[in-house]
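Undergrad: One file: upload_6.tsv (TSV, C-alpha atoms and all ligand atoms).
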```tsv
chain	number	residue	atom	x	y	z
A	1079	HIS	CA	33.14	-57.67	41.91
A	1080	GLU	CA	29.81	-57.12	40.20
A	1081	LEU	CA	27.18	-55.19	42.13
A	1082	GLU	CA	24.38	-57.31	43.57
A	1083	GLN	CA	22.40	-54.77	45.55
A	1084	LEU	CA	21.62	-51.06	45.63
A	1085	TYR	CA	20.92	-49.66	49.07
A	1086	VAL	CA	19.15	-46.34	49.38
A	1087	HIS	CA	19.89	-44.69	52.71
A	1088	GLU	CA	16.88	-43.06	54.36
A	1089	SER	CA	18.75	-39.73	54.55
A	1090	VAL	CA	17.70	-39.15	50.92
A	1091	GLU	CA	14.42	-37.99	52.48
A	1092	ASN	CA	16.14	-34.63	53.02
A	1093	VAL	CA	15.38	-33.85	49.38
A	1094	ILE	CA	13.23	-36.59	47.79
A	1095	PRO	CA	10.50	-39.03	48.81
A	1096	PRO	CA	12.50	-42.22	49.56
A	1097	GLU	CA	9.78	-44.70	48.45
A	1098	ALA	CA	9.29	-43.01	45.07
A	1099	PHE	CA	13.04	-42.96	44.60
A	1100	VAL	CA	13.35	-46.70	45.30
A	1101	GLU	CA	10.41	-47.36	42.94
A	1102	ALA	CA	12.26	-45.50	40.21
A	1103	PHE	CA	14.72	-48.42	40.23
A	1104	ASP	CA	12.07	-51.02	39.33
A	1105	ASP	CA	13.77	-51.73	35.99
A	1106	LEU	CA	17.28	-51.87	37.41
A	1107	PRO	CA	18.99	-55.28	36.91
A	1108	ILE	CA	19.81	-55.40	40.65
A	1109	PRO	CA	17.33	-54.98	43.54
A	1110	ALA	CA	17.04	-51.63	45.34
A	1111	GLU	CA	16.18	-51.44	49.03
A	1112	LEU	CA	15.60	-48.61	51.48
A	1113	VAL	CA	17.80	-48.87	54.60
A	1114	GLY	CA	18.47	-47.01	57.84
A	1115	ASP	CA	21.54	-46.70	60.04
A	1116	GLY	CA	23.57	-49.47	61.66
A	1117	ARG	CA	24.10	-51.71	58.64
A	1118	GLU	CA	27.28	-53.14	57.23
A	1119	TYR	CA	28.21	-53.03	53.57
A	1120	GLY	CA	30.39	-55.14	51.32
A	1121	PRO	CA	32.08	-54.89	47.92
A	1122	THR	CA	28.99	-56.02	46.00
A	1123	ASP	CA	26.84	-53.25	47.50
A	1124	ALA	CA	26.14	-49.84	46.04
A	1125	VAL	CA	24.83	-47.08	48.33
A	1126	ALA	CA	22.87	-43.98	47.35
A	1127	THR	CA	22.81	-41.49	50.21
A	1128	TYR	CA	22.50	-37.87	51.27
A	1129	VAL	CA	24.78	-38.05	54.34
A	1130	PRO	CA	28.22	-39.65	54.61
A	1131	GLN	CA	28.69	-42.58	57.03
A	1132	PRO	CA	31.89	-44.49	57.90
A	1133	GLU	CA	30.31	-47.88	57.01
A	1134	TYR	CA	30.07	-46.84	53.36
A	1135	LEU	CA	33.84	-47.16	53.04
A	1136	ASP	CA	33.33	-50.95	52.85
A	1137	ALA	CA	30.86	-50.74	49.96
A	1138	GLY	CA	31.65	-51.26	46.27
A	1139	TRP	CA	30.52	-47.80	45.23
A	1140	VAL	CA	28.86	-44.80	46.95
A	1141	HIS	CA	26.67	-42.21	45.27
A	1142	CYS	CA	26.03	-38.87	46.97
A	1143	ILE	CA	22.61	-37.72	45.78
A	1144	ARG	CA	23.69	-34.08	46.12
A	1145	ALA	CA	25.90	-32.11	43.75
A	1146	GLY	CA	27.84	-30.61	46.67
A	1147	TYR	CA	29.77	-33.49	48.25
A	1148	ASP	CA	31.79	-31.25	50.60
A	1149	GLU	CA	30.59	-33.28	53.63
A	1150	PHE	CA	32.30	-36.41	52.26
A	1151	ASP	CA	35.99	-36.99	52.96
A	1152	THR	CA	37.23	-37.72	49.44
A	1153	ASP	CA	40.75	-38.60	50.69
A	1154	GLU	CA	39.29	-41.41	52.75
A	1155	TYR	CA	37.40	-42.79	49.74
A	1156	GLU	CA	40.56	-42.66	47.67
A	1157	ARG	CA	42.57	-44.38	50.39
A	1158	GLU	CA	39.98	-47.15	50.63
A	1159	GLY	CA	39.62	-47.41	46.86
A	1160	VAL	CA	35.85	-46.90	47.00
A	1161	PRO	CA	34.53	-44.84	44.10
A	1162	LEU	CA	32.40	-41.86	45.14
A	1163	THR	CA	30.08	-40.18	42.65
A	1164	ASN	CA	27.88	-37.10	43.01
A	1165	SER	CA	24.76	-35.72	41.34
A	1166	SER	CA	26.18	-32.76	39.50
A	1167	GLY	CA	25.00	-32.27	35.94
A	1168	ILE	CA	21.27	-32.38	36.72
A	1169	HIS	CA	20.82	-29.02	38.45
A	1170	GLY	CA	21.22	-26.73	35.47
A	1171	SER	CA	17.64	-25.60	35.06
A	1172	THR	CA	16.41	-26.04	38.64
A	1173	VAL	CA	19.07	-24.03	40.44
A	1174	SER	CA	19.59	-21.46	37.68
A	1175	GLU	CA	15.85	-20.73	37.70
A	1176	VAL	CA	16.12	-19.91	41.40
A	1177	ALA	CA	18.99	-17.53	40.65
A	1178	LEU	CA	16.92	-15.96	37.85
A	1179	ASN	CA	13.86	-15.80	40.09
A	1180	CYS	CA	15.83	-13.79	42.65
A	1181	MET	CA	17.35	-11.51	40.03
A	1182	LEU	CA	14.02	-10.84	38.32
A	1183	SER	CA	12.37	-10.14	41.64
A	1184	LEU	CA	15.13	-7.83	42.88
A	1185	ALA	CA	14.85	-5.89	39.59
A	1186	ARG	CA	11.05	-5.96	39.09
A	1187	LEU	CA	10.13	-6.03	42.81
A	1188	GLY	CA	7.82	-9.05	42.99
A	1189	HIS	CA	9.04	-9.80	46.51
A	1190	ARG	CA	8.25	-6.27	47.72
A	1191	TYR	CA	4.74	-6.25	46.20
A	1192	ARG	CA	4.07	-9.62	47.79
A	1193	ASP	CA	5.17	-8.22	51.18
A	1194	HIS	CA	2.62	-5.42	50.78
A	1195	GLN	CA	0.00	-7.80	49.44
A	1196	ASN	CA	0.00	-9.39	52.87
A	1197	ASP	CA	-1.42	-6.05	54.10
A	1198	ARG	CA	-3.74	-5.63	51.05
A	1199	GLU	CA	-1.71	-2.58	50.22
A	1200	TRP	CA	-1.30	-1.08	46.71
A	1201	TRP	CA	2.31	-0.11	47.24
A	1202	GLU	CA	4.13	2.35	44.96
A	1203	PRO	CA	7.91	1.95	44.92
A	1204	PRO	CA	10.19	4.99	44.56
A	1205	TYR	CA	10.54	5.89	40.85
A	1206	GLU	CA	14.29	5.13	40.92
A	1207	ARG	CA	13.95	1.64	42.33
A	1208	PRO	CA	12.65	-0.70	39.58
A	1209	PHE	CA	15.00	-1.58	36.73
A	1210	THR	CA	15.27	-4.14	33.97
A	1211	LEU	CA	17.72	-7.01	33.85
A	1212	GLU	CA	18.27	-6.16	30.20
A	1213	ASN	CA	21.66	-4.44	29.73
A	1214	GLU	CA	22.67	-5.00	33.36
A	1215	ARG	CA	25.95	-6.77	33.99
A	1216	VAL	CA	25.95	-10.12	35.78
A	1217	CYS	CA	29.08	-11.92	36.92
A	1218	VAL	CA	28.65	-15.67	37.23
A	1219	VAL	CA	31.32	-17.15	39.50
A	1220	GLY	CA	31.94	-20.82	38.63
A	1221	LEU	CA	30.91	-21.88	35.13
A	1222	GLY	CA	29.93	-25.51	35.62
A	1223	THR	CA	26.47	-26.99	35.08
A	1224	ILE	CA	24.60	-24.39	37.13
A	1225	GLY	CA	26.83	-21.49	36.16
A	1226	GLU	CA	26.52	-22.18	32.45
A	1227	ALA	CA	22.75	-22.59	32.67
A	1228	THR	CA	22.57	-19.29	34.56
A	1229	ALA	CA	24.79	-17.54	32.02
A	1230	THR	CA	22.71	-18.78	29.06
A	1231	ARG	CA	19.49	-17.59	30.66
A	1232	CYS	CA	20.93	-14.20	31.59
A	1233	ASP	CA	22.21	-13.82	28.04
A	1234	ALA	CA	18.72	-14.61	26.71
A	1235	LEU	CA	17.36	-11.74	28.81
A	1236	GLY	CA	19.80	-9.36	27.19
A	1237	MET	CA	22.14	-9.05	30.14
A	1238	ASP	CA	25.85	-8.40	29.82
A	1239	VAL	CA	27.26	-11.67	31.12
A	1240	VAL	CA	30.80	-12.10	32.43
A	1241	GLY	CA	32.17	-15.00	34.42
A	1242	VAL	CA	34.90	-16.36	36.67
A	1243	ARG	CA	36.42	-19.72	35.83
A	1244	ARG	CA	39.74	-21.45	36.25
A	1245	SER	CA	40.20	-22.16	32.54
A	1246	ASP	CA	39.73	-19.46	29.91
A	1247	GLU	CA	37.77	-21.77	27.62
A	1248	PRO	CA	34.84	-19.78	26.21
A	1249	VAL	CA	31.30	-20.38	27.49
A	1250	PRO	CA	28.19	-19.67	25.38
A	1251	GLY	CA	26.69	-16.28	26.22
A	1252	VAL	CA	29.63	-15.15	28.38
A	1253	SER	CA	31.38	-12.10	26.91
A	1254	GLU	CA	34.43	-12.07	29.18
A	1255	ILE	CA	36.06	-14.65	31.45
A	1256	PHE	CA	38.21	-13.75	34.45
A	1257	SER	CA	40.52	-16.13	36.30
A	1258	PRO	CA	39.77	-16.60	40.04
A	1259	ASP	CA	42.72	-14.39	41.04
A	1260	ARG	CA	40.98	-11.49	39.21
A	1261	LEU	CA	37.76	-11.84	41.20
A	1262	HIS	CA	37.70	-8.15	42.14
A	1263	ASP	CA	38.00	-7.05	38.50
A	1264	ALA	CA	35.21	-9.46	37.63
A	1265	ILE	CA	32.73	-8.27	40.27
A	1266	GLU	CA	33.41	-4.54	40.59
A	1267	ASP	CA	31.18	-3.50	37.66
A	1268	ALA	CA	28.52	-6.15	38.11
A	1269	ARG	CA	24.94	-5.40	39.15
A	1270	PHE	CA	24.57	-9.06	40.11
A	1271	VAL	CA	27.20	-11.46	41.40
A	1272	VAL	CA	25.94	-15.02	41.16
A	1273	LEU	CA	27.83	-17.74	43.03
A	1274	THR	CA	27.73	-21.19	41.43
A	1275	VAL	CA	31.03	-22.67	42.67
A	1276	PRO	CA	31.41	-25.72	44.89
A	1277	HIS	CA	32.45	-25.12	48.49
A	1278	THR	CA	36.16	-25.95	48.69
A	1279	PRO	CA	39.10	-24.49	50.66
A	1280	ALA	CA	39.64	-22.16	47.67
A	1281	THR	CA	36.06	-20.86	47.67
A	1282	ASP	CA	35.52	-20.62	51.44
A	1283	ASP	CA	34.54	-17.00	52.29
A	1284	MET	CA	35.13	-16.07	48.65
A	1285	LEU	CA	32.94	-13.02	49.20
A	1286	SER	CA	33.95	-11.15	52.36
A	1287	ASP	CA	34.61	-7.54	53.49
A	1288	ALA	CA	37.05	-6.67	50.69
A	1289	GLU	CA	34.76	-8.04	47.99
A	1290	PHE	CA	31.67	-6.24	49.27
A	1291	GLU	CA	33.72	-3.08	49.36
A	1292	ALA	CA	34.81	-3.66	45.76
A	1293	MET	CA	31.24	-4.23	44.59
A	1294	ARG	CA	28.86	-1.52	43.41
A	1295	GLU	CA	26.55	-0.02	46.01
A	1296	ASP	CA	23.57	-1.01	43.87
A	1297	ALA	CA	24.79	-4.58	43.45
A	1298	TYR	CA	23.07	-7.78	44.54
A	1299	VAL	CA	24.66	-11.06	45.63
A	1300	ILE	CA	22.95	-14.26	44.58
A	1301	ASN	CA	24.21	-17.35	46.39
A	1302	VAL	CA	22.85	-20.66	45.13
A	1303	ALA	CA	26.14	-22.51	45.81
A	1304	ARG	CA	26.89	-23.21	49.48
A	1305	GLY	CA	26.55	-20.96	52.53
A	1306	PRO	CA	30.26	-20.83	53.52
A	1307	VAL	CA	31.22	-19.46	50.10
A	1308	VAL	CA	29.97	-16.13	51.51
A	1309	ASP	CA	31.23	-14.69	54.82
A	1310	GLU	CA	27.77	-14.24	56.31
A	1311	ASP	CA	28.76	-11.75	59.03
A	1312	ALA	CA	30.50	-9.62	56.41
A	1313	LEU	CA	27.40	-9.83	54.21
A	1314	VAL	CA	25.15	-8.62	57.02
A	1315	GLU	CA	27.55	-5.75	57.74
A	1316	ALA	CA	27.70	-4.80	54.06
A	1317	LEU	CA	23.89	-4.79	53.86
A	1318	GLU	CA	23.58	-2.74	57.04
A	1319	ALA	CA	26.17	-0.23	55.79
A	1320	ASP	CA	24.49	-0.03	52.34
A	1321	GLU	CA	27.73	-1.20	50.73
A	1322	ILE	CA	25.59	-3.43	48.54
A	1323	ALA	CA	21.86	-3.28	47.78
A	1324	GLY	CA	20.59	-6.74	48.57
A	1325	ALA	CA	20.81	-10.47	48.06
A	1326	GLY	CA	19.05	-13.60	46.92
A	1327	LEU	CA	20.11	-16.53	49.09
A	1328	ASP	CA	19.28	-20.21	48.84
A	1329	VAL	CA	22.11	-21.43	51.08
A	1330	PHE	CA	23.47	-20.40	54.49
A	1331	GLU	CA	26.33	-21.08	56.87
A	1332	THR	CA	23.79	-22.69	59.23
A	1333	GLU	CA	20.70	-24.38	57.84
A	1334	PRO	CA	17.88	-23.97	58.62
A	1335	LEU	CA	18.74	-20.27	58.89
A	1336	PRO	CA	18.41	-19.47	62.61
A	1337	GLU	CA	15.42	-17.35	63.61
A	1338	GLU	CA	17.73	-14.70	65.09
A	1339	SER	CA	19.70	-14.20	61.85
A	1340	PRO	CA	19.61	-10.53	60.78
A	1341	LEU	CA	19.30	-11.72	57.16
A	1342	TRP	CA	15.57	-12.33	57.66
A	1343	GLY	CA	14.99	-8.63	58.25
A	1344	PHE	CA	16.16	-6.91	55.04
A	1345	ASP	CA	13.52	-5.78	52.49
A	1346	ASP	CA	15.80	-6.66	49.60
A	1347	VAL	CA	17.13	-9.99	50.83
A	1348	ILE	CA	15.19	-12.89	49.41
A	1349	ILE	CA	15.50	-16.10	51.38
A	1350	PHE	CA	14.93	-19.50	49.84
A	1351	PRO	CA	15.00	-22.44	52.28
A	1352	HIS	CA	17.68	-24.30	50.27
A	1353	LYS	CA	15.24	-25.21	47.53
A	1354	GLY	CA	17.47	-24.63	44.51
A	1355	SER	CA	17.15	-28.18	43.27
A	1356	ALA	CA	13.54	-28.75	44.34
A	1357	THR	CA	11.33	-30.04	41.54
A	1358	ASN	CA	8.63	-32.68	41.50
A	1359	ARG	CA	10.79	-34.96	39.35
A	1360	TYR	CA	14.08	-34.61	41.19
A	1361	HIS	CA	14.01	-38.25	42.31
A	1362	LEU	CA	13.71	-39.38	38.68
A	1363	ASP	CA	16.65	-37.24	37.55
A	1364	ILE	CA	18.88	-38.69	40.29
A	1365	ALA	CA	17.64	-42.25	39.66
A	1366	GLU	CA	18.49	-41.95	35.98
A	1367	LEU	CA	22.05	-40.96	36.88
A	1368	VAL	CA	22.41	-43.80	39.40
A	1369	ALA	CA	20.98	-46.36	36.93
A	1370	GLU	CA	23.44	-45.23	34.27
A	1371	ASN	CA	26.30	-45.71	36.70
A	1372	VAL	CA	25.08	-49.18	37.73
A	1373	GLU	CA	25.29	-50.12	34.08
A	1374	ARG	CA	28.76	-48.59	33.76
A	1375	TYR	CA	29.96	-50.28	36.95
A	1376	GLN	CA	28.78	-53.71	35.75
A	1377	SER	CA	30.53	-53.31	32.42
A	1378	ASP	CA	33.73	-51.95	33.98
A	1379	GLU	CA	33.35	-48.54	32.39
A	1380	GLU	CA	34.39	-45.31	34.04
A	1381	LEU	CA	31.67	-43.99	36.36
A	1382	LYS	CA	29.95	-40.73	35.48
A	1383	ASN	CA	30.51	-37.86	37.98
A	1384	ARG	CA	33.26	-39.70	39.82
A	1385	VAL	CA	34.68	-37.32	42.45
A	1386	ALA	CA	36.95	-39.77	44.33
A	1401	LIG	P1	29.79	-28.38	38.58
A	1401	LIG	O1	30.86	-29.24	39.11
A	1401	LIG	O2	29.17	-28.70	37.28
A	1401	LIG	O3	30.33	-26.86	38.48
A	1401	LIG	C1	31.19	-26.25	39.41
A	1401	LIG	C2	32.12	-25.32	38.63
A	1401	LIG	O4	32.85	-24.48	39.54
A	1401	LIG	C3	33.16	-26.08	37.80
A	1401	LIG	O5	33.19	-25.54	36.50
A	1401	LIG	C4	34.47	-25.81	38.54
A	1401	LIG	O6	35.57	-25.82	37.68
A	1401	LIG	C5	34.20	-24.42	39.08
A	1401	LIG	N1	35.09	-24.03	40.18
A	1401	LIG	C6	35.54	-24.78	41.20
A	1401	LIG	N2	36.34	-24.04	41.99
A	1401	LIG	C7	36.39	-22.81	41.47
A	1401	LIG	C8	37.05	-21.61	41.83
A	1401	LIG	N3	37.83	-21.55	42.90
A	1401	LIG	N4	36.86	-20.53	41.05
A	1401	LIG	C9	36.08	-20.58	39.95
A	1401	LIG	N5	35.44	-21.69	39.56
A	1401	LIG	C10	35.60	-22.79	40.30
A	1401	LIG	O7	28.70	-28.34	39.72
A	1401	LIG	P2	27.21	-27.74	39.64
A	1401	LIG	O8	26.24	-28.84	39.43
A	1401	LIG	O9	27.18	-26.58	38.72
A	1401	LIG	O10	27.03	-27.26	41.14
A	1401	LIG	C11	27.88	-26.25	41.69
A	1401	LIG	C12	27.69	-26.17	43.19
A	1401	LIG	O11	26.38	-25.68	43.44
A	1401	LIG	C13	27.74	-27.53	43.88
A	1401	LIG	O12	29.06	-27.88	44.25
A	1401	LIG	C14	26.85	-27.33	45.08
A	1401	LIG	O13	27.61	-26.95	46.21
A	1401	LIG	C15	25.92	-26.20	44.68
A	1401	LIG	N6	24.54	-26.69	44.49
A	1401	LIG	C16	23.55	-26.06	45.16
A	1401	LIG	C17	22.24	-26.51	45.01
A	1401	LIG	C18	21.11	-25.81	45.71
A	1401	LIG	O14	20.13	-26.45	46.01
A	1401	LIG	N7	21.20	-24.53	45.95
A	1401	LIG	C19	21.95	-27.60	44.19
A	1401	LIG	C20	22.99	-28.20	43.49
A	1401	LIG	C21	24.28	-27.74	43.66
```
Could you show the structure in this file as structure tokens?
Ligand code: NAD
TA:
Amino acid sequence: HELEQLYVHESVENVIPPEAFVEAFDDLPIPAELVGDGREYGPTDAVATYVPQPEYLDAGWVHCIRAGYDEFDTDEYEREGVPLTNSSGIHGSTVSEVALNCMLSLARLGHRYRDHQNDREWWEPPYERPFTLENERVCVVGLGTIGEATATRCDALGMDVVGVRRSDEPVPGVSEIFSPDRLHDAIEDARFVVLTVPHTPATDDMLSDAEFEAMREDAYVINVARGPVVDEDALVEALEADEIAGAGLDVFETEPLPEESPLWGFDDVIIFPHKGSATNRYHLDIAELVAENVERYQSDEELKNRVA
């Protein structure tokens, strides 16, 4: 079957303006249309969506507009023979800049000065508190698109960059690579531990009590991956017990982060409302990827970013 129609599910509004996204397909050889729930799909339909829905299993191809597709049941897609693609590959600079923003702030204290600015207060931090990222060790866990972009940027700032990855293939700017079973060796000397892995059974609660214990007391956790990669209760306990110094978090076990979460209350925890990929041209980046895959689909080529 050739594709005849691209449907954009309204759930894309979670991260991009749906109308602008549909407009970005003006030059596509097939029409694009914004749709809501309760529709049926067939083998000549492509769907671009944020949320999974059972009806999509009848479509010709489904594109998840997120990089993390952990909410989609890939086994089901494989069983039904429906290709599923995701949007990884486009978040290198956006998400890594959020990681860097947190790291720079935790080192140079922008977040603390801003807190005091709210009270028009010229605040002086303790002499020991500010430091430079230069010469500090960062451990980047998961060296895919976001991890590599983070590593390159940290290297450019003169940091000592190590990483965790399943293969030992070298990565530019990374001086040492640890396999996942050596996570503790990888993180124990790091001033920053940056999580850039997908959420899978293997990465669930990757950082928990034992890891926070293994980490330096002046270390910071940066999570721009997915909330459940960190055991959030264990993180709160580690922060309360001063087992680690702070965190920069873009993702949480429950989003939006509930008002009663203790994480809101720490001076050195920076909370981003899951805005790692937010840019004013995000819809264009995703549309470009989808358009390329429409072309590939029509010419029977392998789809880019196929995950099932
Ligand atoms: P990617 O697929 O390019 O990179 C993921 C990397 O993690 C791959 O190299 C993979 O081999 C590695 N990996 C997987 N399991 C691992 C394990 N157990 N130990 C070590 N490495 C492991 O994806 P990406 O675009 O870099 O995105 C990574 C994740 O970041 C996504 O899955 C998503 O959950 C999250 N993300 C968050 C935001 C945000 O807004 N904060 C935006 C995009 C993506």
Undergrad: When you draw a straight line from CA of Arg1294 in chain A to CA of Ser1339 in chain A, how long is it in Å?
TA: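 Atom-to-atom, CA of Arg1294 in chain A and CA of Ser1339 in chain A are spaced 24.2 Å apart.
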Undergrad: Please define a box with edges along x, y and z of the file around all atoms of ligand LIG 1401 (chain A) given in the file, extend it by 6 Å on each side, and return its centre and edge lengths in Å to one decimal, as lines of an AutoDock Vina configuration file.
TA:
```
center_x = 29.0
center_y = -24.9
center_z = 41.4
size_x = 29.7
size_y = 20.7
size_z = 21.7
```
Undergrad: Can you work out which residues are within 6 Å of ligand LIG 1401 (chain A), considering all atoms listed in the file, and then hand them over as JSON, numbers by chain?
TA: {"A": [1145, 1146, 1166, 1167, 1169, 1173, 1219, 1220, 1221, 1222, 1223, 1224, 1225, 1242, 1243, 1244, 1258, 1274, 1275, 1276, 1277, 1280, 1281, 1302, 1303, 1304, 1328, 1352, 1353, 1354, 1355]}
Undergrad: As an mmCIF file with C-alpha atoms, in the coordinates of the input, please: the residues near Ser1286 in chain A (cut-off 8 Å, only C-alpha atoms, same-chain neighbours under 2 positions excluded).
TA:
```cif
data_model
loop_
_atom_site.group_PDB
_atom_site.id
_atom_site.type_symbol
_atom_site.label_atom_id
_atom_site.label_comp_id
_atom_site.auth_asym_id
_atom_site.auth_seq_id
_atom_site.Cartn_x
_atom_site.Cartn_y
_atom_site.Cartn_z
ATOM 1 C CA ASP A 1283 34.540 -17.000 52.290
ATOM 2 C CA MET A 1284 35.130 -16.070 48.650
ATOM 3 C CA ALA A 1288 37.050 -6.670 50.690
ATOM 4 C CA GLU A 1289 34.760 -8.040 47.990
ATOM 5 C CA PHE A 1290 31.670 -6.240 49.270
ATOM 6 C CA VAL A 1308 29.970 -16.130 51.510
ATOM 7 C CA ASP A 1309 31.230 -14.690 54.820
ATOM 8 C CA GLU A 1310 27.770 -14.240 56.310
ATOM 9 C CA ALA A 1312 30.500 -9.620 56.410
ATOM 10 C CA LEU A 1313 27.400 -9.830 54.210
#
```
Undergrad: Measure the distance from CA of Val1113 in chain A to CA of Tyr1360 in chain A in Å and round it to one decimal.
TA: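 Atom-to-atom, CA of Val1113 in chain A to CA of Tyr1360 in chain A, that is 19.9 Å.
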Undergrad: Counting only C-alpha atoms, figure out which residue out of A:Gly1138, A:Gly1116, A:Pro1130, A:Gly1251 gets nearest to Met1237 in chain A.
TA: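 Smallest separation from Met1237 in chain A among the options: A:Gly1251.
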Undergrad: Can you tell me how far CA of Glu1266 in chain A sits from CA of Ser1171 in chain A, in Å to one decimal?
TA: 26.9 Å
Undergrad: Restricting the calculation to all atoms listed in the file: of A:His1262, A:Thr1332, A:Asp1153, A:Tyr1147, which residue gets closest to Asp1287 in chain A?
TA: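 Result for the nearest residue to Asp1287 in chain A: A:His1262.
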Undergrad: Looking at all atoms listed in the file, which of A:Ser1089, A:Thr1163, A:Thr1152, A:Asn1358 is the one that sits closest to Asn1383 in chain A?
TA: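 Smallest separation from Asn1383 in chain A among the options: A:Thr1163.
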Undergrad: Considering all atoms listed in the file, return as a list in words whatever protein or nucleic-acid residues lie within 10 Å of Pro1121 in chain A, sequence-local ones (same chain, fewer than 2 positions apart) excluded.
TA: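 The filter keeps His1079, Glu1080, Leu1081, Glu1082, Gln1083, Tyr1119, Asp1123, Ala1124, Tyr1134, Leu1135, Asp1136, Ala1137, Gly1138, Trp1139 and Val1160 of chain A.
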Undergrad: With only C-alpha atoms as the atoms that count, which of A:Thr1357, A:Gln1376, A:Ser1183, A:Ser1245 lies nearest to Ile1168 in chain A?
TA: A:Thr1357
Undergrad: When you count all atoms listed in the file, which of these residues is closest to Ile1364 in chain A: A:Tyr1298, A:Tyr1085, A:Phe1150, A:Phe1099?
TA: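 The closest residue to Ile1364 in chain A is A:Phe1099.
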Undergrad: Which one is closest to Leu1273 in chain A: A:Ala1185, A:Leu1317, A:Ala1177, A:Pro1340? Count all atoms listed in the file.
TA: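 Among the listed residues, the smallest separation from Leu1273 in chain A belongs to A:Ala1177.
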Undergrad: Name the residues in contact with Leu1187 in chain A at a cut-off of 12 Å, using only C-alpha atoms, excluding same-chain residues fewer than 4 positions from it; report them as a list in words.
TA: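 Within the cut-off, the hits are Asn1179, Cys1180, Met1181, Leu1182, Ser1183, Tyr1191, Arg1192, Asp1193, His1194, Trp1201, Glu1202, Pro1203, Pro1204, Arg1207, Pro1208, Phe1209, Thr1210, Leu1211, Gly1324, Asp1345, Asp1346, Val1347 and Ile1348 of chain A.
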Undergrad: Leaving out Asn1213 in chain A and any residue of its chain fewer than 3 positions from it, which residues lie within 12 Å of it when counting only C-alpha atoms, given as number ranges by chain?
TA: A: 1209-1210, 1216, 1232-1239, 1268-1270
